[in-house]
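Trainee: A single structure is presented below for examination.
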Amino acid sequence: MPDPLLELRDLSKNFGALTVTSDVSLTVLPGEIHAIIGPNGAGKTTLIHQISGTLRPDLGTIRFAGQDVTALPFERRARLGLARSFQITSIVPGFTALENVALAVQARSGSSFRFLRPVANEEALNDEARTALDSVGLGRVADRSAAALSHGEKRQLELAIAIAMKPRLLLLDEPLAGAGPEETERLIGILRELRSRYGILLVEHDMQAVFALADRISVLVYGRVIVTGMVDEIRGHPEVRTAYLGEDALA
Amino acid sequence: MTAPLRKHALALATLLALAAAPFLGFGDGFALSLLARAMILGMAAVSLSLLVGGAGLVSLGHAATMGIGAYAVVAFDAAGISEGLIVFPAAIAAAAAYALVTGAVSLRTSGVHFIMITLAFGQMAFFTTSSFSSLGGDDGYTLYARTEWLGTRIMDNRLTFHFLCLGLLALVWMGGNLLLGSRFGRVLRAARENPQRALAVGFQPYPYRLIAYVMAGAVGGLAGALLANATEFVSPALLSWTRSGELLFMVILGGVGQLGGAILGALAIVLLEESLSHLLVYWRLVFGPLLVLSVLFLPDGLIGAPLRLRAALRFASPKRRNADA
């Protein structure tokens, strides 16, 4: 078995008396899609926050690419190659699609303490940004204002930004949220292409998508991982049925 | 016309008009000193606009940097030093140092807290200058002589001073635009619109904001040193929080979306104040409502007015509407 890209060990987090994360241990291997499912309020997004560095866990360690990153802030982890997308789309609305992506390229190519040269003319940045936009199928709207994109296009743009960071791990928090059926198809296609290049930790409500994409699935209930397994194991697991899936999702 | 030229047409036209003004009947001492005041305040307003419109940092203490620049001039004057190569760099450095120290603290907060903390620092500077009894305390200090440059008194000539202020204003405006279009400026703008996104791709906004804050402070110091020379009198009123509010109003009236707006805003307010105060005793009664109306009907500020007007005319003309449909 290869060394895990991401390894959570005994992660715990409380908000006052409320336990939101309880002894969570899991790994993401290179080239693997590890999905986290669970009912609303199970603590999925809180877990993503701790992995990306926007929340500090009370206990436990987070190792990324062989390095303990538990104490590193969000932006330092990003520079190490941990790219995250948000449940609620997070882009720079006043920038063009291209500039949104070029910002991510800029973050990993040279100093940004340069004060006079017009950045819009830096073709090296723009070329890489265009490649990332093309890879999610947004090449034709590169020069459009990000605010003017459709909801699905904004979700694709967020993926392009993550790709442009040349990350090693993608943390995707409900990338399909709010997308229509056609957009969902397109996004699933994009995610399927990404899987070979990155490790992906995927939080998603759309069960069809999770079963279609994931290599392994962890089920989170009340902040605790009740089971981790391959797709078929999870489908058939009795505790999962009662805790989360219900009869419909398995039909 | 190329796109950048069109974007900056109104600001460029204003700068050209300022260059022509002395030869078009505004060459007397009174008009020149009024215009110099407007250009100097415009410089400070452009630097504030860099913070407000560029970095999203609404400072209510920007007048303090101007006051520190002005007080540097009078402090050297009291010590018998009036050489510009000493006085001006010192004024700029003092204001930048003030911005560095106060910015390092203020920038740990955001939103309303940032406004309040910059106001508090501004008030501290205000009361500090009031207590300088050797520099006149509350009464202020009358400058013995304008700053010299290598022993020559070039700043005493009003026309020379006019073009010096204009040149520096143009330089500050161009420099600010270059800054906003650079790598540095892109990080600043991204962090203004969506700090979470800036962090997510790996940028901690704090150092970028602090550098911008210090740069704006340095320009404020330069404007203050010029203002001390223009009026030949400096008092703590220069650092009062109402003065900071006025600078902020110049930025908003002119339009926060573009640095050039601050130049228009400063000119409009200085000239309007002057003309209204001649017409009416209670001129502030008219001034206030005028400002309210301008904010309500010109949300993009004066610099956005031509575009807005064109859009309104398009909408009003039925022929054009049919043609578009």
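FYI, nothing fancy with the structure tokens labels: chains A, B, ... in order, residues from 1 per chain, ligands from 1 as they appear.
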Leu119 (chain B): which residues within 12 Å, counting only C-alpha atoms, same-chain residues fewer than 5 positions away excluded, as a PyMOL selection string?
Mentor: chain B and resi 58-64+102-103+106+112-114+124-126+239-245
Trainee: Quick one: residues within 10 Å of Tyr213 (chain B), only C-alpha atoms counted, chain neighbours fewer than 6 positions away excluded, as a list of chain:residue names?
Mentor: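 What passes the distance filter is B:Ser47, B:Leu48, B:Leu50, B:Leu51, B:Ala55, B:Leu57, B:Ser59, B:His62, B:Ala96, B:Ala99, B:Leu100, B:Thr102, B:Gly103, B:Ala104, B:Leu107, B:Pro207.
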Trainee: Residues of chain A within 8 Å of chain B, using only C-alpha atoms, as a short mmCIF file (atom, residue, chain, number, x, y, z; two decimals) with N, CA and C atoms, in the first residue's frame?
Mentor:
data_model
loop_
_atom_site.label_atom_id
_atom_site.label_comp_id
_atom_site.auth_asym_id
_atom_site.auth_seq_id
_atom_site.Cartn_x
_atom_site.Cartn_y
_atom_site.Cartn_z
N PHE A 74 -4.43 27.95 7.14
CA PHE A 74 -5.08 27.66 5.86
C PHE A 74 -4.17 27.94 4.66
N GLU A 75 -3.63 29.19 4.57
CA GLU A 75 -2.93 29.58 3.34
C GLU A 75 -1.61 28.83 3.20
N ARG A 76 -0.98 28.42 4.33
CA ARG A 76 0.26 27.66 4.24
C ARG A 76 -0.02 26.25 3.72
N ARG A 77 -1.13 25.67 4.21
CA ARG A 77 -1.49 24.34 3.71
C ARG A 77 -1.79 24.40 2.22
N ALA A 78 -2.45 25.50 1.79
CA ALA A 78 -2.76 25.66 0.37
C ALA A 78 -1.48 25.64 -0.45
N ARG A 79 -0.46 26.33 0.06
CA ARG A 79 0.80 26.38 -0.68
C ARG A 79 1.51 25.04 -0.72
N ALA A 83 -5.70 21.81 -1.90
CA ALA A 83 -6.64 22.76 -2.48
C ALA A 83 -8.05 22.41 -2.06
N ARG A 84 -8.82 23.45 -1.72
CA ARG A 84 -10.18 23.16 -1.24
C ARG A 84 -11.20 23.94 -2.04
N SER A 90 -17.13 30.06 -3.89
CA SER A 90 -16.27 31.15 -3.45
C SER A 90 -15.30 31.52 -4.56
N ILE A 91 -15.67 32.59 -5.27
CA ILE A 91 -14.81 33.09 -6.34
C ILE A 91 -14.68 34.60 -6.15
N VAL A 92 -13.85 35.25 -6.95
CA VAL A 92 -13.77 36.71 -6.89
C VAL A 92 -14.70 37.25 -7.98
N PRO A 93 -15.87 37.76 -7.59
CA PRO A 93 -16.89 38.09 -8.60
C PRO A 93 -16.47 39.21 -9.55
N GLY A 94 -15.64 40.15 -9.09
CA GLY A 94 -15.26 41.28 -9.93
C GLY A 94 -14.16 40.94 -10.93
N LEU A 103 -4.91 34.11 -10.62
CA LEU A 103 -4.53 34.42 -9.24
C LEU A 103 -3.94 33.18 -8.56
N ALA A 104 -4.56 32.03 -8.83
CA ALA A 104 -4.06 30.78 -8.24
C ALA A 104 -2.71 30.40 -8.82
N GLN A 106 -0.52 32.51 -10.01
CA GLN A 106 0.40 33.51 -9.45
C GLN A 106 0.89 33.12 -8.06
N ALA A 107 0.00 32.49 -7.28
CA ALA A 107 0.34 32.16 -5.89
C ALA A 107 1.50 31.17 -5.80
N SER A 112 4.78 37.75 -5.24
CA SER A 112 3.70 38.66 -5.62
C SER A 112 3.94 40.06 -5.06
N PHE A 113 5.13 40.27 -4.47
CA PHE A 113 5.48 41.63 -4.06
C PHE A 113 6.15 42.35 -5.23
N ARG A 114 5.42 42.40 -6.33
CA ARG A 114 5.88 43.16 -7.50
C ARG A 114 4.82 44.22 -7.76
N PHE A 115 5.29 45.46 -7.91
CA PHE A 115 4.38 46.57 -7.73
C PHE A 115 4.02 47.35 -8.99
N LEU A 116 4.78 47.21 -10.06
CA LEU A 116 4.55 48.10 -11.20
C LEU A 116 4.12 47.38 -12.48
N ARG A 117 4.72 46.24 -12.77
CA ARG A 117 4.45 45.59 -14.05
C ARG A 117 3.00 45.09 -14.11
N PRO A 118 2.28 45.42 -15.20
CA PRO A 118 0.88 44.98 -15.30
C PRO A 118 0.76 43.46 -15.33
N VAL A 119 0.06 42.92 -14.36
CA VAL A 119 -0.03 41.47 -14.24
C VAL A 119 -0.90 40.87 -15.33
N ALA A 120 -1.84 41.68 -15.86
CA ALA A 120 -2.74 41.16 -16.90
C ALA A 120 -1.97 40.77 -18.15
N ILE A 161 -9.83 26.72 -10.54
CA ILE A 161 -8.93 27.41 -9.61
C ILE A 161 -8.13 26.39 -8.81
N ALA A 162 -8.84 25.36 -8.32
CA ALA A 162 -8.16 24.32 -7.53
C ALA A 162 -7.10 23.60 -8.37
N MET A 165 -3.86 25.42 -8.93
CA MET A 165 -2.92 25.45 -7.79
C MET A 165 -1.91 24.31 -7.88
#
Trainee: Which residues are near region 214-228 of chain A? Cut-off 7 Å, only C-alpha atoms, ignore same chain within fewer than 6 positions. Put them as a list in words.
Mentor: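 Selected residues are Thr19, Val20, Thr21, Ser22, Asp23, Val24, Glu32, Ile33, His34, Ala35, Ile36, Ile37, Gly38, Pro39, Ala42 and Gly43 of chain A.
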Trainee: Please give the complete set of residues from region 91-161 of chain B that DSSP, run on the backbone, assigns to strand (DSSP E or B), formatted as a list in words.
Mentor: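 Taking region 91-161 of chain B and keeping strand (DSSP E or B) gives Tyr141, Thr142, Glu148, Trp149 and Thr152 of chain B.
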Trainee: May I have the selected residues written with N, CA and C atoms, as a PDB file, in the first residue's frame?
Mentor:
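Dumped everything to again-v2.pdb:
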ATOM      1  N   TYR B 141       0.794  77.028  14.139  1.00  0.00           N
ATOM      2  CA  TYR B 141       2.135  77.550  13.928  1.00  0.00           C
ATOM      3  C   TYR B 141       2.199  78.184  12.552  1.00  0.00           C
ATOM      4  N   THR B 142       2.663  79.424  12.483  1.00  0.00           N
ATOM      5  CA  THR B 142       2.820  80.084  11.196  1.00  0.00           C
ATOM      6  C   THR B 142       4.238  79.847  10.686  1.00  0.00           C
ATOM      7  N   GLU B 148      12.905  75.409   1.051  1.00  0.00           N
ATOM      8  CA  GLU B 148      13.856  75.708  -0.036  1.00  0.00           C
ATOM      9  C   GLU B 148      14.330  74.407  -0.654  1.00  0.00           C
ATOM     10  N   TRP B 149      14.785  74.506  -1.899  1.00  0.00           N
ATOM     11  CA  TRP B 149      15.389  73.334  -2.545  1.00  0.00           C
ATOM     12  C   TRP B 149      16.803  73.711  -2.961  1.00  0.00           C
ATOM     13  N   THR B 152      17.444  77.345  -3.233  1.00  0.00           N
ATOM     14  CA  THR B 152      16.612  78.194  -4.080  1.00  0.00           C
ATOM     15  C   THR B 152      15.181  78.196  -3.553  1.00  0.00           C
TER      16      THR B 152
END
